[in-house]
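*Asks:* Let me give you the structure first, and then I'll get to my questions.
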Amino acid sequence: MSDTPAYDALVAHHQTQHDLEHLQALASWDRLTGMPAQAAAARARAQGALAVLLRQQQENANLKDYLLAANSEPLNDDARLNVALMQRALTLKEAVPPSLAGRFEVTRGAAAQAWGLAREDNNWTTFANAWRPLVSVVREQAERIGQHLGLSAMDALYEGVEPGLRQARLEPLIEQVTLWLPPLVARARQLQGAEPLVPTGPFATTEQQALCQDLLSRLGFDFGRGRLDACQHPFTGGVPEDVRLATRFVTTSLLPALMGVLHEAGHAGYQQHLPRHWLGQPLAGPHSASLHEAQALTFERQLASMPAFWKAMSPMLCERFGNQPAFDPINLWQLTHRVRPGLVRVQADALSYPLHIVLRHRIECALVNGDIEVEDVPVLWAEQVKQLLGLNPSETFIEGPLQDMHWVQGMFGYFPSYLLGAMAAAQLMQAVKRDTPDLEELVRSGNWHCVADWLRPRVWEQGARRDLDEALSYATGESLSDDALRRQLSAWGSFNG
Ligand SMILES: [Zn+2]
């Protein structure tokens with residue numbers, strides 16, 4: 001008989017959860033990529049039933065007793081860490097009573113519905129009335145988790161997204177960015193020349209798909225354990241054993257599919273190479289939202305910001321779509337690196353993007369802490385658009401506080417992950433360059449898997465072992481800082497000539 005029966009029961013429980021989630025993830029992928037429209041109602045019902053099963057399996061598991069018993073069993077260091085991660089998840093869950101968790105689901109359902117209508121009518125008041133109860137629930141959740149863990153409200157929310165992140169660590173990083181970034185945006189805009197040429201289509205979807213498959217293989221994606229499909233909004237889904245990646249193909253432009261695949265390839269690579277031996281267990285989980293995003297940005301914003309990358313891309317595009325002046329490597333770089341501050345976050349260039357995050361960060365902190373109420377958001381938003389982006393705010397809320405889904409879904413404290421991910425990606429790439437003397441040559445010849453080869457043992461196969469600072473120290477030798485991102489963005493104008 002095993003001398004770790006409680007731990008064995010915990011492992012079996014998490015494996016079953018993982019297996020059920022596997023099927024749930026495949027059903028979601030299918031819903032977004034290939035499901036016939038008339039199957040929607042039956043699919044929603046089937047996925048709902050699976051969600052209930054998952055919840056019941058979780059609630060019936062006696063996790064608390066097993067965790068208590070496992071603590072006195074003879075476990076090795078990895079197993080102990082696995083138990084600690086299980087305990088952390090349970091503590092976060094227990095801090096929120098079922099009635100409050102239920103109110104969260106109900107209020108965010110109502111907010112999502114009002115959001116859709118308010119976007120059509122450009123009506124803030126309608127939305128605010130439906131959103132207010134959700135904000136109140138989020139405040140209560142943050143307070144309860146905070147009391148449980150001895151944390152402030154915002155730190156309590158970060159704990160669910162970015163374990164270990166504290167506002168005291170985050171705030172100086174954000175303040176630094178707001179100091180050095182706006183002048184760099186202005187300088188890059190001055191330095192950039194005439195509008196680059198836009199490639200002219202049509203670009204057959206089959207050719208684009210073949211190109212994206214080629215890119216993914218070069219980036220280290222394993223097609224034996226994953227696939228690429230078409231969808232409306234690029235995403236990475238599935239499970240590490242079977243990663244489902246999707247991008248958007250439009251025949252009039254190459255860039256949506258191309259840039260979508262570059263981004264998702266980072267998420268997918270991380271997902272495919274989480275520690276194999278621990279799959280199904282919390283230790284094999286990705287550590288945090290920012291570390292995940294950092295992998296995507298290492299490909300999309302770091303590798304693809306090397307002129308050598310576009311030197312490799314240029315002949316690949318000519319071969320598939322015919323030669324045209326827009327496929328000149330310098331033109332391709334300029335086209336994908338145009339700095340044009342705008343009002344919409346998801347359309348922002350790499351330089352102005354962090355400022356969109358700072359804006360949201362300031363507002364969500366004030367809202368969660370009760371310094372402002374929902375009716376104050378549009379005015380504060382407009383002020384921040386002027387102050388941070390130097391733009392006149394839009395007349396329409398769809399280009400203002402109604403543009404993102406995060407707050408509507410009750411996701412507060414998530415936005416900083418995008419900025420931390422950008423910093424981490426720059427830092428990772430700086431280390432890739434340091435450790436790979438022939439990187440330029442490798443990238444120019446299309447051997448991009450060298451980046452995946454560097455990330456795999458240092459980040460991907462480490463799973464949830466370390467928090468963000470420790471993970472970066474392990475991979476690069478230094479904890480997180482904004483230095484590498486500042487250095488990279490400072491050089492933005494130099495390839496514009
Ligand atoms: Zn992403």
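The way I read the labels, and the way they are meant: chains A, B, ... in the order of the structure tokens, residue 1 as the first residue of every chain, and ligand 1 as the first ligand shown, with later ones counted on from there.
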Do you have, as CSV, the list of residues of chain A lying at most 9 Å from ligand 1, each with its nearest atom pair and that distance in Å to one decimal, counting only C-alpha atoms and all ligand atoms and ordered by chain then number?

*Replies:*
```
residue,atom,partner,partner_atom_place_in_ligand_line,distance
A:Phe235,CA,ligand 1,1 (Zn),7.8
A:Thr236,CA,ligand 1,1 (Zn),8.5
A:His263,CA,ligand 1,1 (Zn),6.4
A:Glu264,CA,ligand 1,1 (Zn),6.6
A:Gly266,CA,ligand 1,1 (Zn),8.3
A:His267,CA,ligand 1,1 (Zn),6.7
A:Ala289,CA,ligand 1,1 (Zn),8.8
A:His292,CA,ligand 1,1 (Zn),7.3
A:Glu293,CA,ligand 1,1 (Zn),4.8
A:Ala294,CA,ligand 1,1 (Zn),8.1
A:Gln295,CA,ligand 1,1 (Zn),8.4
A:Ala296,CA,ligand 1,1 (Zn),5.7
A:Leu297,CA,ligand 1,1 (Zn),7.4
A:Tyr418,CA,ligand 1,1 (Zn),8.1
```

*Asks:* Can those selected residues be exported to a file as a PDB file, in the first residue's frame so that it contains N, CA and C atoms?

*Replies:*
```
ATOM      1  N   PHE A 235      -7.086  32.745 -31.130  1.00  0.00           N
ATOM      2  CA  PHE A 235      -7.016  32.249 -29.748  1.00  0.00           C
ATOM      3  C   PHE A 235      -6.197  30.964 -29.713  1.00  0.00           C
ATOM      4  N   THR A 236      -5.776  30.584 -28.506  1.00  0.00           N
ATOM      5  CA  THR A 236      -5.156  29.292 -28.276  1.00  0.00           C
ATOM      6  C   THR A 236      -5.993  28.568 -27.238  1.00  0.00           C
ATOM      7  N   HIS A 263       1.567  35.678 -32.539  1.00  0.00           N
ATOM      8  CA  HIS A 263       1.201  35.847 -31.137  1.00  0.00           C
ATOM      9  C   HIS A 263       0.782  34.501 -30.523  1.00  0.00           C
ATOM     10  N   GLU A 264      -0.155  33.850 -31.175  1.00  0.00           N
ATOM     11  CA  GLU A 264      -0.693  32.607 -30.600  1.00  0.00           C
ATOM     12  C   GLU A 264       0.361  31.504 -30.549  1.00  0.00           C
ATOM     13  N   GLY A 266       3.280  31.708 -29.482  1.00  0.00           N
ATOM     14  CA  GLY A 266       3.955  31.780 -28.189  1.00  0.00           C
ATOM     15  C   GLY A 266       3.110  31.154 -27.091  1.00  0.00           C
ATOM     16  N   HIS A 267       1.809  31.494 -27.091  1.00  0.00           N
ATOM     17  CA  HIS A 267       0.901  30.867 -26.120  1.00  0.00           C
ATOM     18  C   HIS A 267       0.909  29.344 -26.323  1.00  0.00           C
ATOM     19  N   ALA A 289      -0.950  34.903 -15.837  1.00  0.00           N
ATOM     20  CA  ALA A 289      -1.370  35.511 -17.101  1.00  0.00           C
ATOM     21  C   ALA A 289      -0.212  36.254 -17.760  1.00  0.00           C
ATOM     22  N   HIS A 292       2.327  33.911 -19.430  1.00  0.00           N
ATOM     23  CA  HIS A 292       1.732  33.376 -20.662  1.00  0.00           C
ATOM     24  C   HIS A 292       1.829  34.416 -21.770  1.00  0.00           C
ATOM     25  N   GLU A 293       1.389  35.638 -21.437  1.00  0.00           N
ATOM     26  CA  GLU A 293       1.402  36.703 -22.444  1.00  0.00           C
ATOM     27  C   GLU A 293       2.833  36.991 -22.909  1.00  0.00           C
ATOM     28  N   ALA A 294       3.781  36.882 -21.990  1.00  0.00           N
ATOM     29  CA  ALA A 294       5.182  37.136 -22.342  1.00  0.00           C
ATOM     30  C   ALA A 294       5.659  36.188 -23.433  1.00  0.00           C
ATOM     31  N   GLN A 295       5.164  34.935 -23.422  1.00  0.00           N
ATOM     32  CA  GLN A 295       5.605  33.976 -24.445  1.00  0.00           C
ATOM     33  C   GLN A 295       5.075  34.403 -25.815  1.00  0.00           C
ATOM     34  N   ALA A 296       3.810  34.859 -25.831  1.00  0.00           N
ATOM     35  CA  ALA A 296       3.200  35.309 -27.083  1.00  0.00           C
ATOM     36  C   ALA A 296       3.936  36.538 -27.617  1.00  0.00           C
ATOM     37  N   LEU A 297       4.262  37.463 -26.703  1.00  0.00           N
ATOM     38  CA  LEU A 297       4.912  38.704 -27.134  1.00  0.00           C
ATOM     39  C   LEU A 297       6.382  38.490 -27.500  1.00  0.00           C
ATOM     40  N   TYR A 418      -0.815  42.418 -19.156  1.00  0.00           N
ATOM     41  CA  TYR A 418      -0.375  42.717 -20.527  1.00  0.00           C
ATOM     42  C   TYR A 418       0.918  43.526 -20.517  1.00  0.00           C
TER      43      TYR A 418
END
```

*Asks:* Show which residues sit within 10 Å of range 176-193 of chain A, as a PyMOL selection string. Count only C-alpha atoms, and ignore same-chain residues fewer than 6 positions away.

*Replies:* chain A and resi 334+337-341+349-352+354-355+358+387-390+419+481-483+485-486+489-497

*Asks:* Let's see if you can do this: from backbone DSSP, list all strand (DSSP E or B) residues in range 140-258 of chain A, as a count of residues only.

*Replies:* 18

*Asks:* Can you tell me how far CA of Gln324 in chain A sits from CA of Val198 in chain A, in Å to one decimal?

*Replies:* 10.0 Å

*Asks:* Calculated over only C-alpha atoms, which of the candidates A:Phe415, A:Phe327, A:Phe221, A:Phe309 has the smallest distance to Thr200 in chain A?

*Replies:*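 Of A:Phe415, A:Phe327, A:Phe221, A:Phe309, the one nearest Thr200 in chain A is A:Phe327, counting only C-alpha atoms.
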
*Asks:* Show me, as a list in words, the residues that have an atom within 7 Å of range 452-456 of chain A when counting only C-alpha atoms, minus same-chain residues fewer than 4 positions from it.

*Replies:*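 The filter keeps Leu219, Gly220, His273, Val432, Trp460 and Glu461 of chain A.
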
*Asks:* Keeping only C-alpha atoms, take the residues you just selected and write them out as a PDB file, in the first residue's frame.

*Replies:*
```pdb
ATOM      1  CA  LEU A 219       8.536  28.514 -34.441  1.00  0.00           C
ATOM      2  CA  GLY A 220       8.640  25.037 -32.905  1.00  0.00           C
ATOM      3  CA  HIS A 273       5.726  22.225 -23.381  1.00  0.00           C
ATOM      4  CA  VAL A 432      18.037  34.938 -25.931  1.00  0.00           C
ATOM      5  CA  TRP A 460       7.938  26.447 -20.575  1.00  0.00           C
ATOM      6  CA  GLU A 461       9.028  23.205 -18.887  1.00  0.00           C
TER       7      GLU A 461
END
```

*Asks:* Residues at most 12 Å from Leu262 in chain A, counting only C-alpha atoms, excluding those fewer than 4 positions away in the same chain, as an mmCIF file with N, CA and C atoms, in the first residue's frame?

*Replies:*
```
data_model
loop_
_atom_site.group_PDB
_atom_site.id
_atom_site.type_symbol
_atom_site.label_atom_id
_atom_site.label_comp_id
_atom_site.auth_asym_id
_atom_site.auth_seq_id
_atom_site.Cartn_x
_atom_site.Cartn_y
_atom_site.Cartn_z
ATOM 1 N N LEU A 211 1.045 29.060 -45.383
ATOM 2 C CA LEU A 211 2.108 29.919 -44.863
ATOM 3 C C LEU A 211 2.138 29.862 -43.333
ATOM 4 N N CYS A 212 0.965 29.967 -42.713
ATOM 5 C CA CYS A 212 0.901 29.955 -41.249
ATOM 6 C C CYS A 212 1.374 28.615 -40.681
ATOM 7 N N GLN A 213 1.055 27.526 -41.375
ATOM 8 C CA GLN A 213 1.545 26.202 -40.929
ATOM 9 C C GLN A 213 3.066 26.186 -40.966
ATOM 10 N N ASP A 214 3.617 26.751 -42.032
ATOM 11 C CA ASP A 214 5.075 26.800 -42.175
ATOM 12 C C ASP A 214 5.684 27.630 -41.036
ATOM 13 N N LEU A 215 5.083 28.807 -40.774
ATOM 14 C CA LEU A 215 5.592 29.665 -39.691
ATOM 15 C C LEU A 215 5.566 28.922 -38.357
ATOM 16 N N LEU A 216 4.444 28.264 -38.110
ATOM 17 C CA LEU A 216 4.302 27.561 -36.824
ATOM 18 C C LEU A 216 5.357 26.468 -36.673
ATOM 19 N N SER A 217 5.614 25.730 -37.734
ATOM 20 C CA SER A 217 6.648 24.682 -37.665
ATOM 21 C C SER A 217 8.002 25.310 -37.364
ATOM 22 N N ARG A 218 8.297 26.410 -38.053
ATOM 23 C CA ARG A 218 9.589 27.083 -37.821
ATOM 24 C C ARG A 218 9.692 27.624 -36.396
ATOM 25 N N LEU A 219 8.536 27.968 -35.805
ATOM 26 C CA LEU A 219 8.536 28.514 -34.441
ATOM 27 C C LEU A 219 8.510 27.410 -33.385
ATOM 28 N N GLY A 220 8.528 26.157 -33.842
ATOM 29 C CA GLY A 220 8.640 25.037 -32.905
ATOM 30 C C GLY A 220 7.325 24.394 -32.522
ATOM 31 N N PHE A 221 6.217 24.780 -33.183
ATOM 32 C CA PHE A 221 4.918 24.179 -32.849
ATOM 33 C C PHE A 221 4.914 22.714 -33.286
ATOM 34 N N PRO A 234 -8.328 35.467 -33.109
ATOM 35 C CA PRO A 234 -7.284 34.473 -32.822
ATOM 36 C C PRO A 234 -7.316 34.022 -31.352
ATOM 37 N N PHE A 235 -7.086 32.745 -31.130
ATOM 38 C CA PHE A 235 -7.016 32.249 -29.748
ATOM 39 C C PHE A 235 -6.197 30.964 -29.713
ATOM 40 N N THR A 236 -5.776 30.584 -28.506
ATOM 41 C CA THR A 236 -5.156 29.292 -28.276
ATOM 42 C C THR A 236 -5.993 28.568 -27.238
ATOM 43 N N LEU A 245 -5.059 25.907 -31.932
ATOM 44 C CA LEU A 245 -4.725 27.295 -32.192
ATOM 45 C C LEU A 245 -5.560 27.771 -33.377
ATOM 46 N N ALA A 246 -6.007 29.020 -33.327
ATOM 47 C CA ALA A 246 -6.826 29.508 -34.439
ATOM 48 C C ALA A 246 -6.461 30.956 -34.741
ATOM 49 N N THR A 247 -6.545 31.316 -36.009
ATOM 50 C CA THR A 247 -6.287 32.704 -36.399
ATOM 51 C C THR A 247 -7.326 33.116 -37.430
ATOM 52 N N LEU A 255 -1.939 40.494 -42.987
ATOM 53 C CA LEU A 255 -1.447 40.725 -41.629
ATOM 54 C C LEU A 255 -2.296 40.122 -40.504
ATOM 55 N N PRO A 256 -3.645 40.146 -40.596
ATOM 56 C CA PRO A 256 -4.398 39.576 -39.462
ATOM 57 C C PRO A 256 -4.006 38.139 -39.160
ATOM 58 N N ALA A 257 -3.909 37.290 -40.213
ATOM 59 C CA ALA A 257 -3.563 35.877 -39.982
ATOM 60 C C ALA A 257 -2.116 35.764 -39.494
ATOM 61 N N LEU A 258 -1.250 36.515 -40.151
ATOM 62 C CA LEU A 258 0.186 36.420 -39.860
ATOM 63 C C LEU A 258 0.519 36.847 -38.429
ATOM 64 N N GLY A 266 3.280 31.708 -29.482
ATOM 65 C CA GLY A 266 3.955 31.780 -28.189
ATOM 66 C C GLY A 266 3.110 31.154 -27.091
ATOM 67 N N HIS A 267 1.809 31.494 -27.091
ATOM 68 C CA HIS A 267 0.901 30.867 -26.120
ATOM 69 C C HIS A 267 0.909 29.344 -26.323
ATOM 70 N N ALA A 268 0.863 28.936 -27.600
ATOM 71 C CA ALA A 268 0.741 27.510 -27.920
ATOM 72 C C ALA A 268 2.014 26.745 -27.550
ATOM 73 N N GLY A 269 3.175 27.364 -27.803
ATOM 74 C CA GLY A 269 4.436 26.698 -27.480
ATOM 75 C C GLY A 269 4.552 26.452 -25.981
ATOM 76 N N GLN A 295 5.164 34.935 -23.422
ATOM 77 C CA GLN A 295 5.605 33.976 -24.445
ATOM 78 C C GLN A 295 5.075 34.403 -25.815
ATOM 79 N N ALA A 296 3.810 34.859 -25.831
ATOM 80 C CA ALA A 296 3.200 35.309 -27.083
ATOM 81 C C ALA A 296 3.936 36.538 -27.617
ATOM 82 N N LEU A 297 4.262 37.463 -26.703
ATOM 83 C CA LEU A 297 4.912 38.704 -27.134
ATOM 84 C C LEU A 297 6.382 38.490 -27.500
ATOM 85 N N THR A 298 6.989 37.450 -26.965
ATOM 86 C CA THR A 298 8.377 37.160 -27.346
ATOM 87 C C THR A 298 8.439 36.854 -28.847
ATOM 88 N N PHE A 299 7.423 36.176 -29.360
ATOM 89 C CA PHE A 299 7.382 35.930 -30.808
ATOM 90 C C PHE A 299 6.865 37.158 -31.566
ATOM 91 N N GLU A 300 5.714 37.670 -31.116
ATOM 92 C CA GLU A 300 5.043 38.724 -31.905
ATOM 93 C C GLU A 300 5.769 40.067 -31.855
ATOM 94 N N ARG A 301 6.207 40.465 -30.654
ATOM 95 C CA ARG A 301 6.781 41.809 -30.524
ATOM 96 C C ARG A 301 8.303 41.830 -30.428
ATOM 97 N N GLN A 302 8.899 40.669 -30.154
ATOM 98 C CA GLN A 302 10.356 40.655 -30.022
ATOM 99 C C GLN A 302 11.008 40.039 -31.260
ATOM 100 N N LEU A 303 10.755 38.741 -31.487
ATOM 101 C CA LEU A 303 11.322 38.099 -32.679
ATOM 102 C C LEU A 303 10.929 38.885 -33.938
ATOM 103 N N ALA A 304 9.649 39.224 -34.055
ATOM 104 C CA ALA A 304 9.173 39.904 -35.259
ATOM 105 C C ALA A 304 9.520 41.388 -35.278
ATOM 106 N N SER A 305 10.244 41.876 -34.271
ATOM 107 C CA SER A 305 10.722 43.260 -34.365
ATOM 108 C C SER A 305 12.173 43.269 -34.841
ATOM 109 N N PHE A 309 14.090 39.058 -39.170
ATOM 110 C CA PHE A 309 12.879 38.238 -39.296
ATOM 111 C C PHE A 309 12.167 38.539 -40.621
ATOM 112 N N TRP A 448 13.713 29.913 -36.797
ATOM 113 C CA TRP A 448 13.199 30.633 -35.621
ATOM 114 C C TRP A 448 13.005 29.738 -34.414
#
```

*Asks:* Could you pull out the alpha helix (DSSP H) residues of range 46-166 of chain A from DSSP and send them as an MDAnalysis selection string?

*Replies:* chainID A and resid 46:59 63:70 77:95 98:121 124:149 153:161

*Asks:* Taking only C-alpha atoms into account, name the residue in A:Val443, A:Leu274, A:Ala312, A:Val239 that is nearest to His18 in chain A.

*Replies:*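 Going through A:Val443, A:Leu274, A:Ala312, A:Val239 one by one, the smallest distance to His18 in chain A is for A:Val239.
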
*Asks:* Could you jot down the CA of Trp381 in chain A to CA of Pro393 in chain A separation for me, Å, one decimal place?

*Replies:*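 The value is 8.2 Å.
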
*Asks:* In Å, how far is it from CA of Ala382 in chain A to CA of Asp404 in chain A?

*Replies:*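 Atom-to-atom, CA of Ala382 in chain A and CA of Asp404 in chain A are spaced 15.4 Å apart.
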
*Asks:* Within 10 Å of range 151-163 of chain A, which residues of range 325-368 of chain A come that close, and what is the closest atom pair and distance in Å for each? Count only C-alpha atoms and give it as JSON lines.

*Replies:*
```
{"residue": "A:Glu364", "atom": "CA", "partner": "A:Met154", "partner_atom": "CA", "distance": 9.0}
{"residue": "A:Cys365", "atom": "CA", "partner": "A:Met154", "partner_atom": "CA", "distance": 6.8}
{"residue": "A:Ala366", "atom": "CA", "partner": "A:Met154", "partner_atom": "CA", "distance": 9.8}
{"residue": "A:Val368", "atom": "CA", "partner": "A:Met154", "partner_atom": "CA", "distance": 7.1}
```

*Asks:* With distances taken over only C-alpha atoms, which residue among A:Ser290, A:Thr396, A:Asn122, A:Thr436 lies nearest Leu472 in chain A?

*Replies:*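 That would be A:Ser290, the residue with the smallest distance to Leu472 in chain A.
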
*Asks:* May I have the residues within 9 Å of range 132-143 of chain A as a PDB file with C-alpha atoms, in the first residue's frame, using only C-alpha atoms and disregarding those fewer than 2 positions away in the same chain?

*Replies:*
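And here is the file that came out, result-v4.pdb:
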```pdb
ATOM      1  CA  ALA A  95     -12.602  32.941   0.849  1.00  0.00           C
ATOM      2  CA  VAL A  96     -15.639  33.579  -1.349  1.00  0.00           C
ATOM      3  CA  PRO A  97     -18.856  32.012   0.035  1.00  0.00           C
ATOM      4  CA  LEU A 100     -21.307  35.548  -3.295  1.00  0.00           C
ATOM      5  CA  ALA A 101     -19.896  33.365  -6.096  1.00  0.00           C
ATOM      6  CA  ARG A 103     -24.133  36.654  -7.234  1.00  0.00           C
ATOM      7  CA  PHE A 104     -20.953  37.146  -9.242  1.00  0.00           C
ATOM      8  CA  GLU A 105     -22.278  34.891 -12.034  1.00  0.00           C
ATOM      9  CA  VAL A 106     -25.726  36.523 -12.050  1.00  0.00           C
ATOM     10  CA  THR A 107     -24.482  40.135 -12.015  1.00  0.00           C
ATOM     11  CA  ARG A 108     -21.885  39.579 -14.695  1.00  0.00           C
ATOM     12  CA  ALA A 110     -26.647  41.047 -16.572  1.00  0.00           C
ATOM     13  CA  ALA A 111     -23.667  43.360 -17.147  1.00  0.00           C
ATOM     14  CA  PHE A 127     -24.691  50.070 -18.781  1.00  0.00           C
ATOM     15  CA  ALA A 128     -23.703  51.660 -15.463  1.00  0.00           C
ATOM     16  CA  ASN A 129     -26.992  50.572 -13.851  1.00  0.00           C
ATOM     17  CA  ALA A 130     -26.343  46.950 -14.806  1.00  0.00           C
ATOM     18  CA  ILE A 145     -10.014  37.335  -0.090  1.00  0.00           C
ATOM     19  CA  GLY A 146      -7.948  40.198   1.302  1.00  0.00           C
ATOM     20  CA  GLN A 147      -9.124  39.499   4.859  1.00  0.00           C
ATOM     21  CA  HIS A 148      -8.406  35.788   4.389  1.00  0.00           C
ATOM     22  CA  LEU A 151      -3.906  41.608   1.629  1.00  0.00           C
ATOM     23  CA  SER A 152      -5.283  44.870   0.283  1.00  0.00           C
ATOM     24  CA  ALA A 153      -8.249  44.680  -2.124  1.00  0.00           C
ATOM     25  CA  MET A 154      -6.146  45.059  -5.285  1.00  0.00           C
ATOM     26  CA  ASP A 155      -3.481  42.621  -4.076  1.00  0.00           C
ATOM     27  CA  ALA A 156      -6.253  40.130  -3.360  1.00  0.00           C
ATOM     28  CA  LEU A 157      -7.472  40.442  -6.960  1.00  0.00           C
ATOM     29  CA  LEU A 367     -12.994  51.794  -8.681  1.00  0.00           C
ATOM     30  CA  VAL A 368     -12.127  48.716  -6.612  1.00  0.00           C
ATOM     31  CA  ASN A 369     -10.877  50.855  -3.725  1.00  0.00           C
ATOM     32  CA  GLY A 370     -14.108  52.879  -3.756  1.00  0.00           C
ATOM     33  CA  GLU A 373     -18.077  55.052  -8.605  1.00  0.00           C
ATOM     34  CA  VAL A 374     -19.184  53.624 -11.945  1.00  0.00           C
ATOM     35  CA  GLU A 375     -20.738  56.929 -13.042  1.00  0.00           C
ATOM     36  CA  TRP A 407     -14.517  44.655 -16.476  1.00  0.00           C
ATOM     37  CA  VAL A 408     -17.857  43.522 -17.883  1.00  0.00           C
ATOM     38  CA  GLN A 409     -16.883  39.944 -17.049  1.00  0.00           C
ATOM     39  CA  GLY A 410     -15.756  40.948 -13.571  1.00  0.00           C
ATOM     40  CA  MET A 411     -12.050  40.639 -14.482  1.00  0.00           C
ATOM     41  CA  PHE A 412     -10.447  43.374 -12.392  1.00  0.00           C
TER      42      PHE A 412
END
```

*Asks:* Of the candidates A:Val377, A:Leu254, A:Met306, A:Leu81, which shows the shortest atom-to-atom distance to Ala326 in chain A, using only C-alpha atoms?

*Replies:*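 Using only C-alpha atoms, Ala326 in chain A sits closest to A:Leu254.
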
*Asks:* Could you check the closest approach to Ala79 in chain A for each of A:Leu10, A:Ala265, A:Ala39, A:Leu54 and tell me which residue wins, using only C-alpha atoms?

*Replies:*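 For Ala79 in chain A, the nearest of the candidates is A:Leu10.
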
*Asks:* Can you pull out every residue within 7 Å of Ser479 in chain A, counting only C-alpha atoms, but drop anything in the same chain fewer than 3 positions away, and send it as a JSON list (two decimals) with C-alpha atoms, in the first residue's frame?

*Replies:*
```json
[["chain", "number", "residue", "atom", "x", "y", "z"],
["A", 469, "ASP", "CA", 10.08, 37.56, -10.53],
["A", 470, "GLU", "CA", 11.57, 34.16, -9.65],
["A", 472, "LEU", "CA", 12.55, 35.61, -14.80],
["A", 473, "SER", "CA", 15.52, 35.34, -12.45]]
```

*Asks:* Can you work out which one of A:Arg466, A:Arg345, A:His233, A:Lys93 has the shortest atom-to-atom distance to Trp29 in chain A, counting only C-alpha atoms?

*Replies:* A:His233

*Asks:* Near Ala61 in chain A, counting only C-alpha atoms, which residues have an atom at most 10 Å away, once you skip same-chain residues fewer than 4 positions from it, shown as number ranges by chain?

*Replies:* A: 9-10, 13-14, 56-57, 65-66

*Asks:* Output C-alpha atoms of each residue in that selection to a file, as a short mmCIF file (atom, residue, chain, number, x, y, z; two decimals), in the first residue's frame.

*Replies:*
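Listing of result_21.cif after writing:
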```cif
data_model
loop_
_atom_site.label_atom_id
_atom_site.label_comp_id
_atom_site.auth_asym_id
_atom_site.auth_seq_id
_atom_site.Cartn_x
_atom_site.Cartn_y
_atom_site.Cartn_z
CA ALA A 9 -6.21 10.86 -3.85
CA LEU A 10 -5.45 14.52 -4.56
CA HIS A 13 -8.84 14.10 -8.30
CA HIS A 14 -6.87 16.68 -10.28
CA GLN A 56 -19.86 18.53 -8.50
CA GLN A 57 -16.66 16.57 -8.84
CA ASP A 65 -9.17 16.68 4.55
CA TYR A 66 -6.82 15.23 1.97
#
```
